[in-house]
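Listing of upload.txt, compact mmCIF, C-alpha atoms and all ligand atoms
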# COMPACT_ATOMS: atom_id res chain seq x y z
CA MET J 30 13.33 0.97 -16.75
CA GLU J 31 9.59 1.56 -17.12
CA PRO J 32 7.08 -0.29 -14.92
CA ILE J 33 5.36 -3.38 -16.32
CA SER J 34 1.71 -4.38 -16.00
CA GLY J 35 0.69 -5.26 -12.47
CA LYS J 36 -1.46 -8.07 -13.87
CA LYS J 37 1.62 -9.73 -15.40
CA ILE J 38 3.27 -9.79 -11.99
CA PHE J 39 0.17 -10.99 -10.11
CA ASN J 40 -0.65 -13.68 -12.66
CA ALA J 41 2.89 -15.03 -12.67
CA LEU J 42 3.08 -15.20 -8.87
CA LYS J 43 -0.50 -16.12 -7.92
CA ASN J 44 0.36 -19.73 -7.34
CA GLN J 45 3.84 -19.29 -5.91
CA ASP J 46 4.64 -19.25 -2.23
CA CYS J 47 5.76 -15.68 -2.10
CA ILE J 48 4.60 -12.20 -1.22
CA ILE J 49 5.46 -9.26 -3.46
CA LEU J 50 6.96 -6.33 -1.56
CA ALA J 51 4.82 -3.24 -2.14
CA CYS J 52 6.69 -0.20 -0.93
CA ASN J 53 5.03 3.14 -0.21
CA SER J 54 8.02 5.45 -0.49
CA ARG J 55 6.47 8.58 0.92
CA ILE J 56 9.84 10.26 0.83
CA ILE J 57 11.86 9.46 -2.25
CA PRO J 58 15.48 10.48 -1.50
CA GLY J 59 17.53 7.50 -0.37
CA VAL J 60 14.52 5.17 -0.10
CA ALA J 61 13.36 4.55 -3.67
CA LYS J 62 16.79 3.83 -5.11
CA ALA J 63 17.63 1.48 -2.24
CA VAL J 64 14.39 -0.48 -2.61
CA PHE J 65 14.88 -0.87 -6.37
CA LYS J 66 18.46 -2.01 -5.73
CA ALA J 67 17.43 -4.52 -3.06
CA ALA J 68 14.76 -5.95 -5.38
CA LYS J 69 17.22 -6.19 -8.24
CA ASP J 70 19.93 -7.83 -6.13
CA MET J 71 17.40 -10.34 -4.76
CA ASP J 72 15.83 -10.80 -8.22
CA ALA J 73 12.45 -9.97 -6.66
CA ALA J 74 9.30 -8.60 -8.25
CA LEU J 75 8.47 -5.23 -6.74
CA ILE J 76 5.54 -2.85 -6.48
CA MET J 77 6.03 0.85 -5.85
CA GLU J 78 2.93 2.65 -4.67
CA LEU J 79 1.34 5.59 -2.89
CA ALA J 80 -2.23 5.98 -1.70
CA ARG J 81 -4.59 8.73 -2.80
CA SER J 82 -4.17 10.60 0.49
CA GLU J 83 -0.39 10.46 0.00
CA CYS J 84 -0.31 11.41 -3.67
CA ASN J 85 -3.02 12.82 -5.92
CA GLN J 86 -3.66 15.36 -8.67
CA HIS J 87 -4.11 18.11 -6.07
CA VAL J 88 -0.83 17.06 -4.29
CA GLY J 89 -1.16 14.62 -1.40
CA TYR J 90 0.49 14.82 2.01
CA THR J 91 3.79 13.56 0.62
CA GLY J 92 3.94 16.65 -1.60
CA LEU J 93 3.78 14.41 -4.67
CA THR J 94 1.39 14.10 -7.61
CA PRO J 95 1.12 10.98 -9.79
CA GLU J 96 3.28 12.76 -12.35
CA THR J 97 6.08 13.74 -9.97
CA PHE J 98 5.96 10.39 -8.13
CA SER J 99 6.38 8.53 -11.40
CA LYS J 100 9.17 10.86 -12.51
CA TYR J 101 11.11 10.45 -9.26
CA LEU J 102 10.77 6.66 -9.39
CA LEU J 103 12.05 6.44 -12.95
CA GLU J 104 14.95 8.66 -11.95
CA ALA J 105 15.70 6.45 -8.89
CA ASN J 106 15.62 3.31 -11.03
CA LYS J 107 17.73 4.82 -13.80
CA ASP J 108 21.10 3.58 -12.55
CA VAL J 109 19.68 0.50 -10.87
CA GLY J 110 17.71 -0.77 -13.87
CA HIS J 111 15.29 -3.15 -12.16
CA ASP J 112 12.95 -4.54 -14.82
CA VAL J 113 10.19 -6.39 -12.90
CA TRP J 114 8.20 -3.74 -11.07
CA ALA J 115 4.73 -2.22 -11.23
CA LEU J 116 3.63 1.32 -10.51
CA HIS J 117 0.55 0.92 -8.35
CA ALA J 118 -2.12 3.35 -7.19
CA ASP J 119 -2.63 2.27 -3.58
CA HIS J 120 -5.96 3.08 -1.86
CA ILE J 121 -7.86 5.06 -4.45
CA GLY J 122 -10.12 5.79 -1.50
CA ILE J 123 -13.71 6.85 -2.05
CA LYS J 124 -15.01 8.14 1.26
CA THR J 125 -18.45 9.58 0.46
CA GLY J 126 -19.40 8.18 -2.94
CA THR J 127 -21.06 11.45 -3.99
CA ARG J 128 -20.99 12.50 -7.66
CA GLU J 129 -18.36 15.07 -6.83
CA ASP J 130 -16.23 12.44 -5.08
CA ILE J 131 -16.55 10.03 -8.02
CA ASP J 132 -15.73 12.73 -10.58
CA ASP J 133 -12.65 13.80 -8.65
CA THR J 134 -11.63 10.14 -8.45
CA LYS J 135 -11.92 9.78 -12.23
CA GLU J 136 -9.74 12.85 -12.62
CA LEU J 137 -7.20 11.19 -10.29
CA ILE J 138 -7.30 7.98 -12.36
CA ASP J 139 -6.74 10.03 -15.54
CA ALA J 140 -3.66 11.61 -13.94
CA GLN J 141 -2.36 8.20 -12.82
CA ILE J 142 -2.79 6.67 -16.26
CA LYS J 143 -1.10 9.65 -17.87
CA ALA J 144 1.80 9.20 -15.43
CA GLY J 145 2.22 5.58 -16.52
CA TYR J 146 0.61 3.65 -13.65
CA THR J 147 0.22 -0.06 -14.36
CA SER J 148 -1.90 -1.17 -11.42
CA PHE J 149 -4.76 0.28 -9.36
CA ALA J 150 -6.42 -0.31 -5.99
CA ILE J 151 -10.01 0.82 -5.74
CA ASP J 152 -10.92 1.27 -2.09
CA ALA J 153 -14.59 1.95 -1.49
CA SER J 154 -14.52 -0.07 1.74
CA HIS J 155 -15.75 2.95 3.72
CA LEU J 156 -19.06 2.73 1.88
CA PHE J 157 -21.10 0.26 3.88
CA ASN J 158 -24.86 0.02 4.33
CA PHE J 159 -25.29 -0.62 8.04
CA GLU J 160 -29.04 -1.03 7.50
CA GLY J 161 -28.53 -3.84 4.96
CA LYS J 162 -30.33 -7.09 5.75
CA THR J 163 -28.03 -9.35 3.77
CA VAL J 164 -24.29 -9.32 3.12
CA GLU J 165 -25.01 -8.21 -0.43
CA GLU J 166 -27.18 -5.32 0.73
CA GLU J 167 -24.53 -4.24 3.21
CA LEU J 168 -21.84 -4.26 0.54
CA LYS J 169 -23.91 -2.73 -2.26
CA PRO J 170 -22.54 0.84 -2.01
CA ASN J 171 -18.97 -0.53 -2.12
CA ILE J 172 -19.82 -2.92 -4.98
CA ASP J 173 -21.49 -0.20 -7.09
CA VAL J 174 -18.65 2.29 -6.77
CA THR J 175 -15.95 -0.36 -7.31
CA ILE J 176 -17.69 -1.47 -10.51
CA GLU J 177 -18.11 2.07 -11.83
CA LEU J 178 -14.47 2.94 -11.24
CA GLY J 179 -13.16 -0.44 -12.36
CA LYS J 180 -14.97 -0.03 -15.65
CA TYR J 181 -13.64 3.48 -15.96
CA ILE J 182 -10.06 2.21 -15.60
CA MET J 183 -10.74 -0.56 -18.16
CA GLU J 184 -12.07 1.97 -20.64
CA LYS J 185 -9.19 4.39 -20.15
CA MET J 186 -6.47 1.73 -20.21
CA GLY J 187 -7.87 0.33 -23.46
CA ASN J 188 -5.73 -2.56 -24.61
CA ASN J 189 -3.18 -2.11 -21.87
CA GLU J 190 -3.35 -4.80 -19.23
CA PHE J 191 -3.33 -3.56 -15.63
CA GLY J 192 -3.32 -4.96 -12.12
CA LEU J 193 -6.48 -4.54 -10.05
CA GLU J 194 -6.80 -4.55 -6.28
CA VAL J 195 -10.16 -4.10 -4.55
CA GLU J 196 -11.06 -3.79 -0.90
CA VAL J 197 -13.75 -5.08 1.40
CA GLY J 198 -13.73 -4.25 5.11
CA GLU J 199 -12.10 -1.06 6.25
CA ILE J 200 -8.56 -1.74 7.52
CA GLY J 201 -8.02 -0.92 11.17
CA ARG J 202 -11.69 -0.22 11.93
CA LYS J 203 -12.61 -0.90 15.54
CA GLY J 204 -16.04 -1.94 16.77
CA ALA J 205 -17.39 -2.57 20.26
CA GLU J 206 -15.55 -5.89 20.40
CA GLY J 207 -12.23 -4.75 19.00
CA MET J 208 -11.02 -4.93 15.40
CA VAL J 209 -13.74 -5.55 12.82
CA LEU J 210 -12.53 -8.38 10.59
CA THR J 211 -13.69 -9.19 7.06
CA LYS J 212 -15.81 -12.34 6.92
CA PRO J 213 -15.20 -15.01 4.27
CA GLU J 214 -18.75 -14.65 2.89
CA GLU J 215 -18.25 -10.89 2.52
CA ALA J 216 -15.15 -11.41 0.38
CA VAL J 217 -16.89 -14.06 -1.74
CA THR J 218 -20.07 -12.03 -2.28
CA TYR J 219 -18.06 -8.95 -3.16
CA ILE J 220 -15.79 -10.68 -5.68
CA LYS J 221 -18.73 -12.57 -7.21
CA LYS J 222 -20.53 -9.30 -7.93
CA LEU J 223 -17.44 -7.67 -9.40
CA LYS J 224 -16.78 -10.66 -11.65
CA GLU J 225 -20.38 -10.68 -12.83
CA ALA J 226 -19.94 -7.04 -13.85
CA GLY J 227 -16.89 -7.92 -15.93
CA LEU J 228 -14.12 -6.83 -13.58
CA ASP J 229 -11.06 -9.02 -13.16
CA PRO J 230 -9.54 -8.30 -9.75
CA ASP J 231 -6.16 -9.84 -8.93
CA VAL J 232 -5.94 -9.12 -5.23
CA ILE J 233 -8.30 -8.17 -2.45
CA ALA J 234 -7.45 -6.13 0.64
CA ILE J 235 -9.32 -7.23 3.74
CA ALA J 236 -9.57 -6.09 7.33
CA ASN J 237 -7.67 -8.80 9.19
CA GLY J 238 -6.42 -7.06 12.29
CA SER J 239 -3.63 -4.84 11.01
CA THR J 240 -3.43 -1.09 11.47
CA HIS J 241 -1.78 1.43 9.17
CA GLY J 242 1.26 3.17 10.64
CA ASN J 243 3.17 2.98 13.91
CA ILE J 244 1.29 1.55 16.89
CA TYR J 245 1.47 2.28 20.62
CA ASP J 246 0.18 0.86 23.89
CA GLU J 247 -2.16 2.72 26.28
CA GLN J 248 0.80 4.48 27.87
CA GLY J 249 2.08 5.72 24.52
CA ASN J 250 5.01 3.33 24.21
CA PRO J 251 5.77 2.03 20.72
CA ILE J 252 4.89 -1.67 20.38
CA VAL J 253 5.23 -4.39 17.77
CA GLN J 254 2.20 -5.52 15.78
CA VAL J 255 1.10 -9.09 16.38
CA SER J 256 -2.62 -8.49 15.78
CA ILE J 257 -2.94 -9.75 12.22
CA SER J 258 -5.29 -12.74 12.31
CA ILE J 259 -3.56 -15.42 10.28
CA GLU J 260 -6.52 -17.73 10.85
CA GLN J 261 -9.09 -15.28 9.44
CA THR J 262 -6.82 -14.50 6.49
CA LYS J 263 -6.54 -18.20 5.63
CA LYS J 264 -10.32 -18.61 5.95
CA VAL J 265 -10.99 -15.76 3.54
CA ALA J 266 -8.42 -17.07 1.07
CA LYS J 267 -9.90 -20.56 1.26
CA ALA J 268 -13.46 -19.30 0.77
CA LEU J 269 -12.36 -17.44 -2.36
CA ARG J 270 -10.56 -20.53 -3.66
CA ASP J 271 -13.55 -22.77 -2.91
CA ALA J 272 -15.80 -20.36 -4.81
CA GLY J 273 -13.49 -20.78 -7.81
CA PHE J 274 -11.99 -17.30 -7.70
CA ASP J 275 -8.33 -16.75 -8.49
CA VAL J 276 -8.12 -13.68 -6.25
CA LYS J 277 -5.43 -13.50 -3.57
CA ILE J 278 -4.94 -11.29 -0.55
CA ALA J 279 -3.13 -7.96 -0.29
CA GLN J 280 -1.85 -7.44 3.24
CA HIS J 281 -1.89 -3.82 4.34
CA GLY J 282 -0.22 -2.18 7.33
CA ILE J 283 2.76 -4.50 7.84
CA THR J 284 5.08 -1.99 9.55
CA GLY J 285 5.83 -3.13 13.08
CA THR J 286 5.14 -6.82 12.43
CA PRO J 287 8.16 -8.90 13.50
CA LEU J 288 10.05 -10.38 10.54
CA GLU J 289 10.14 -13.80 12.20
CA LEU J 290 6.34 -13.83 12.42
CA ILE J 291 6.07 -12.91 8.74
CA LYS J 292 8.61 -15.52 7.77
CA GLU J 293 7.15 -18.32 9.86
CA LYS J 294 3.43 -17.60 9.93
CA PHE J 295 2.27 -15.47 7.00
CA PRO J 296 0.43 -17.72 4.52
CA LYS J 297 2.44 -17.04 1.37
CA GLY J 298 0.41 -17.84 -1.70
CA ASP J 299 -2.76 -16.80 0.16
CA ILE J 300 -1.24 -13.38 0.74
CA ILE J 301 0.65 -12.32 -2.40
CA LYS J 302 1.11 -8.57 -1.88
CA GLY J 303 2.60 -7.03 1.26
CA ASN J 304 2.42 -3.27 1.80
CA VAL J 305 5.20 -1.64 3.79
CA ALA J 306 5.03 2.13 4.16
CA THR J 307 5.69 3.69 7.54
CA LEU J 308 8.87 1.70 8.14
CA PHE J 309 10.60 3.58 5.32
CA GLN J 310 9.33 6.90 6.59
CA ASN J 311 10.68 6.05 10.06
CA ILE J 312 14.11 5.43 8.52
CA VAL J 313 14.08 8.89 6.91
CA PHE J 314 12.89 10.64 10.05
CA ASP J 315 15.58 8.95 12.16
CA ALA J 316 18.26 10.06 9.70
CA LEU J 317 16.91 13.64 9.61
CA LYS J 318 17.01 13.68 13.41
CA LYS J 319 20.68 12.73 13.30
CA TYR J 320 21.93 14.80 10.36
CA HIS J 321 19.46 17.71 10.26
CA PRO J 322 18.35 18.13 13.90
CA GLU J 323 17.02 21.65 13.37
CA LEU J 324 14.79 20.59 10.51
CA TYR J 325 13.62 17.57 12.49
CA LYS J 326 12.74 19.75 15.47
CA GLU J 327 10.78 22.17 13.29
CA MET J 328 8.88 19.24 11.76
CA PHE J 329 8.22 17.76 15.17
CA ASP J 330 6.95 21.05 16.60
CA TRP J 331 4.82 21.66 13.51
CA VAL J 332 3.11 18.26 13.92
CA ILE J 333 2.42 18.78 17.64
CA LYS J 334 0.89 22.17 16.89
CA ASN J 335 -1.03 21.40 13.70
CA GLU J 336 -1.87 17.68 13.91
CA PRO J 337 -2.40 17.04 17.63
CA ILE J 338 -4.06 13.94 19.07
CA GLU J 339 -5.79 14.60 22.36
CA GLY J 340 -4.36 12.87 25.40
CA LYS J 341 -1.33 11.45 23.57
CA LYS J 342 2.34 12.03 24.26
CA PRO J 343 4.28 14.12 21.69
CA GLU J 344 6.31 11.09 20.55
CA GLU J 345 3.18 9.14 19.74
CA VAL J 346 1.60 12.13 17.98
CA PHE J 347 4.69 12.54 15.81
CA GLY J 348 4.89 8.78 15.24
CA LYS J 349 1.35 8.76 13.91
CA ASN J 350 1.04 12.17 12.26
CA GLY J 351 4.63 12.98 11.29
CA LYS J 352 3.64 12.04 7.74
CA TYR J 353 1.73 15.31 7.40
CA ALA J 354 4.94 17.31 7.80
CA VAL J 355 6.46 15.87 4.62
CA LYS J 356 4.62 18.18 2.23
CA VAL J 357 5.16 21.24 4.43
CA PHE J 358 8.94 20.71 4.66
CA PHE J 359 9.27 19.09 1.23
CA ASP J 360 12.00 21.31 -0.23
CA ARG J 361 14.22 21.06 2.82
CA ILE J 362 13.77 17.29 3.14
CA TYR J 363 14.54 16.78 -0.54
CA SER J 364 17.71 18.88 -0.26
CA MET J 365 19.12 16.75 2.60
CA ASP J 366 22.91 16.37 2.50
CA GLU J 367 24.70 13.40 0.97
CA LYS J 368 25.66 11.81 4.29
CA CYS J 369 22.03 11.74 5.36
CA LYS J 370 20.90 10.32 2.04
CA LYS J 371 23.60 7.61 2.10
CA GLU J 372 22.52 6.48 5.56
CA ILE J 373 18.86 6.30 4.49
CA GLU J 374 19.94 4.33 1.44
CA ALA J 375 22.00 1.85 3.45
CA ILE J 376 19.28 1.17 6.03
CA SER J 377 16.44 1.07 3.48
CA TYR J 378 18.44 -1.39 1.38
CA LYS J 379 18.99 -3.68 4.34
CA GLU J 380 15.34 -3.50 5.48
CA ALA J 381 13.96 -4.06 1.98
CA LYS J 382 16.18 -7.14 1.65
CA ASN J 383 14.99 -8.41 5.03
CA PHE J 384 11.38 -8.07 3.95
CA ILE J 385 11.94 -9.70 0.56
CA ASP J 386 13.62 -12.57 2.39
CA ALA J 387 10.79 -12.90 4.95
CA PHE J 388 8.27 -12.71 2.06
CA ASN J 389 10.13 -15.50 0.24
CA GLY J 390 10.36 -13.07 -2.69
CA LYS J 391 13.86 -14.02 -3.81
CA ASP J 392 14.00 -15.03 -7.50
CA SER J 393 10.34 -14.07 -8.02
CA ALA J 394 11.33 -11.63 -10.78
CA SER J 395 12.66 -14.53 -12.85
CA ILE J 396 9.32 -16.31 -12.56
CA VAL J 397 7.60 -13.19 -13.92
CA ARG J 398 10.17 -12.78 -16.71
CA LYS J 399 9.55 -16.33 -17.93
CA THR J 400 5.88 -15.49 -18.54
CA MET J 401 6.69 -12.43 -20.65
ZN ZN D 501 -3.31 0.26 3.13
If you convert what's in this file into structure tokens, what do you get?
Ligand SMILES: [Zn+2]
Amino acid sequence: MEPISGKKIFNALKNQDCIILACNSRIIPGVAKAVFKAAKDMDAALIMELARSECNQHVGYTGLTPETFSKYLLEANKDVGHDVWALHADHIGIKTGTREDIDDTKELIDAQIKAGYTSFAIDASHLFNFEGKTVEEELKPNIDVTIELGKYIMEKMGNNEFGLEVEVGEIGRKGAEGMVLTKPEEAVTYIKKLKEAGLDPDVIAIANGSTHGNIYDEQGNPIVQVSISIEQTKKVAKALRDAGFDVKIAQHGITGTPLELIKEKFPKGDIIKGNVATLFQNIVFDALKKYHPELYKEMFDWVIKNEPIEGKKPEEVFGKNGKYAVKVFFDRIYSMDEKCKKEIEAISYKEAKNFIDAFNGKDSASIVRKTM
């Protein structure tokens, strides 16, 4: 089953009280099939995605390119046959905004379109004019690059509808007073400018207190994430609504957030896309540790040696930077034995179902189907 347009999914679910599970399956074996199956069994709309750093035309740290990622996903969904899913380019990150950076990004977009992607996230949130005197001046570098790339995608996709995510406020950035959160007026100014330029964004990623990946306390002990500011998220969503914009929020960095908190407190309908990445990687690493301890040890040692973080315990370093070992040990990870794969599949299936349930995503696929 081929992916459908991300815009179809976003439009159908924009005014429903649910969050679409967006899964970054950095490691395909066991995970992708299980997530498709969970979505199908729950009749939930699904997004499968990887960020530029994870997967690009030069091979990202997952060892995948847009072409191979797409191929593996179609293969994983072959027996499952889930029909309501989008193939999304998460964080098409533009870090410098130089000509070279932009040209390489266009080459990436070309590769993603060729591989059948149906949704794109332009992330120029790193580009920020700290000398700007107004919100608009501060955001101008981000606005300009987002418009250029958004128009490029429109041109290349031609008549094919696609989902569009944009980003204002770098996720996880810390200032002198802790996490830097996106202000409502920043989101409104940003979207206004994009709309004026002819872009039609569906969702916006904001900095609202989450962090990508596993998190730890000062002593290096793993902790749960309760830092997402529900209040700020609601304020941004309301400001966008009040300004007349039908743009909802994409929540990044959900791994580690207690399911109960998501279920009870996340404003569904304000947030409509929920990214879960590291959780699935953790499941794979735990299974490798159990079934392929030698491989796991080699990966662990490689990370400590090649991706160290000063002053941090080895467990925390691996928890944060273990992702970089995936490409290096790709062939051995992908040839894991059946027992290992089955365990990953069983746990991923259960976790994906838990998230879909906490996101109130059950039966959301039917709502999308009715609009098609
Ligand atoms: Zn993200």
- Contacts of Asp271 of chain J at 12 Å (only C-alpha atoms; same-chain gap of 4+ positions) as a ChimeraX atom specification: /J:213-214,216-217,263-267,275-276
Provide an axis-aligned box for all listed atoms of segment 111-123 of chain J, padding each side by 5 Å; report its centre and its edge lengths in Å to one decimal, as JSON.
{"center_x": 0.8, "center_y": 0.2, "center_z": -8.2, "size_x": 39.0, "size_y": 23.2, "size_z": 23.3}
- Query: Nearest to Gly35 of chain J: which of J:Leu116, J:Leu288, J:Cys52, J:Val109 is it, counting only C-alpha atoms?
  - Reply: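 Nearest to Gly35 of chain J: J:Leu116.
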- Task: Kindly indicate which residue among J:Leu223, J:Val332, J:Glu165, J:Gly340 lies nearest to Glu247 of chain J, using all atoms listed in the file for the distances.
- Result: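 Closest to Glu247 of chain J, using all atoms listed in the file: J:Gly340.
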List as a PDB file with C-alpha atoms, keeping the file's coordinate frame: which residues have an atom within 10 Å of (-3.2, 6.4, -16.1), counting all atoms listed in the file?
ATOM      1  CA  PRO J  95       1.120  10.980  -9.790  1.00  0.00           C
ATOM      2  CA  GLU J  96       3.280  12.760 -12.350  1.00  0.00           C
ATOM      3  CA  ALA J 118      -2.120   3.350  -7.190  1.00  0.00           C
ATOM      4  CA  GLU J 136      -9.740  12.850 -12.620  1.00  0.00           C
ATOM      5  CA  LEU J 137      -7.200  11.190 -10.290  1.00  0.00           C
ATOM      6  CA  ILE J 138      -7.300   7.980 -12.360  1.00  0.00           C
ATOM      7  CA  ASP J 139      -6.740  10.030 -15.540  1.00  0.00           C
ATOM      8  CA  ALA J 140      -3.660  11.610 -13.940  1.00  0.00           C
ATOM      9  CA  GLN J 141      -2.360   8.200 -12.820  1.00  0.00           C
ATOM     10  CA  ILE J 142      -2.790   6.670 -16.260  1.00  0.00           C
ATOM     11  CA  LYS J 143      -1.100   9.650 -17.870  1.00  0.00           C
ATOM     12  CA  ALA J 144       1.800   9.200 -15.430  1.00  0.00           C
ATOM     13  CA  GLY J 145       2.220   5.580 -16.520  1.00  0.00           C
ATOM     14  CA  TYR J 146       0.610   3.650 -13.650  1.00  0.00           C
ATOM     15  CA  THR J 147       0.220  -0.060 -14.360  1.00  0.00           C
ATOM     16  CA  SER J 148      -1.900  -1.170 -11.420  1.00  0.00           C
ATOM     17  CA  PHE J 149      -4.760   0.280  -9.360  1.00  0.00           C
ATOM     18  CA  ILE J 182     -10.060   2.210 -15.600  1.00  0.00           C
ATOM     19  CA  LYS J 185      -9.190   4.390 -20.150  1.00  0.00           C
ATOM     20  CA  MET J 186      -6.470   1.730 -20.210  1.00  0.00           C
ATOM     21  CA  PHE J 191      -3.330  -3.560 -15.630  1.00  0.00           C
TER      22      PHE J 191
END
- Message: Between atom CA of His87 of chain J and atom ZN of ligand ZN 501 (chain D), what is the distance in Å, rounded to a tenth?
- Response: 20.1 Å
- Message: List as a PyMOL selection string the protein and nucleic acid residues lying within 9 Å of ligand ZN 501 (chain D), with all atoms listed in the file counted.
- Response: chain J and resi 80+119-120+200+234+240-241+279-282+304-306
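Straight-line separation from atom CA of Pro230 of chain J to atom CA of Val195 of chain J: 6.7 Å.
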- Would you list the contacts of segment 325-327 of chain J as a VMD selection string, taking every protein, DNA or RNA residue within 12 Å and counting all atoms listed in the file, but skipping same-chain residues closer than 3 positions in sequence? chain J and resid 313 to 322 330 to 335 343 to 344 347 351 354 to 355 357 to 358 361 to 362 365
Output the selection as an mmCIF file, keeping the file's coordinate frame - C-alpha atoms for each residue.
data_model
loop_
_atom_site.group_PDB
_atom_site.id
_atom_site.type_symbol
_atom_site.label_atom_id
_atom_site.label_comp_id
_atom_site.auth_asym_id
_atom_site.auth_seq_id
_atom_site.Cartn_x
_atom_site.Cartn_y
_atom_site.Cartn_z
ATOM 1 C CA VAL J 313 14.080 8.890 6.910
ATOM 2 C CA PHE J 314 12.890 10.640 10.050
ATOM 3 C CA ASP J 315 15.580 8.950 12.160
ATOM 4 C CA ALA J 316 18.260 10.060 9.700
ATOM 5 C CA LEU J 317 16.910 13.640 9.610
ATOM 6 C CA LYS J 318 17.010 13.680 13.410
ATOM 7 C CA LYS J 319 20.680 12.730 13.300
ATOM 8 C CA TYR J 320 21.930 14.800 10.360
ATOM 9 C CA HIS J 321 19.460 17.710 10.260
ATOM 10 C CA PRO J 322 18.350 18.130 13.900
ATOM 11 C CA ASP J 330 6.950 21.050 16.600
ATOM 12 C CA TRP J 331 4.820 21.660 13.510
ATOM 13 C CA VAL J 332 3.110 18.260 13.920
ATOM 14 C CA ILE J 333 2.420 18.780 17.640
ATOM 15 C CA LYS J 334 0.890 22.170 16.890
ATOM 16 C CA ASN J 335 -1.030 21.400 13.700
ATOM 17 C CA PRO J 343 4.280 14.120 21.690
ATOM 18 C CA GLU J 344 6.310 11.090 20.550
ATOM 19 C CA PHE J 347 4.690 12.540 15.810
ATOM 20 C CA GLY J 351 4.630 12.980 11.290
ATOM 21 C CA ALA J 354 4.940 17.310 7.800
ATOM 22 C CA VAL J 355 6.460 15.870 4.620
ATOM 23 C CA VAL J 357 5.160 21.240 4.430
ATOM 24 C CA PHE J 358 8.940 20.710 4.660
ATOM 25 C CA ARG J 361 14.220 21.060 2.820
ATOM 26 C CA ILE J 362 13.770 17.290 3.140
ATOM 27 C CA MET J 365 19.120 16.750 2.600
#
- Query: Interatomic distance between atom CA of Ala205 of chain J and atom CA of Glu167 of chain J?
  - Reply: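 The value is 18.6 Å.
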Find the residues of segment 256-367 of chain J that sit at most 10 Å from segment 379-382 of chain J; for each, write down the nearest two atoms and how far apart they are in Å, to one decimal. Count all atoms listed in the file. Sort by chain, then by number going up, and give it as CSV.
residue,atom,partner,partner_atom,distance
J:Val305,CA,J:Ala381,CA,9.3
J:Leu308,CA,J:Glu380,CA,8.7
J:Phe309,CA,J:Glu380,CA,8.5
J:Ile312,CA,J:Glu380,CA,9.5
- Query: Between J:Asp231, J:Thr211, J:Val64, J:Ile301, which has the minimum distance to Ile257 of chain J (counting all atoms listed in the file)?
  - Reply: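 Among the listed residues, the smallest separation from Ile257 of chain J belongs to J:Thr211.
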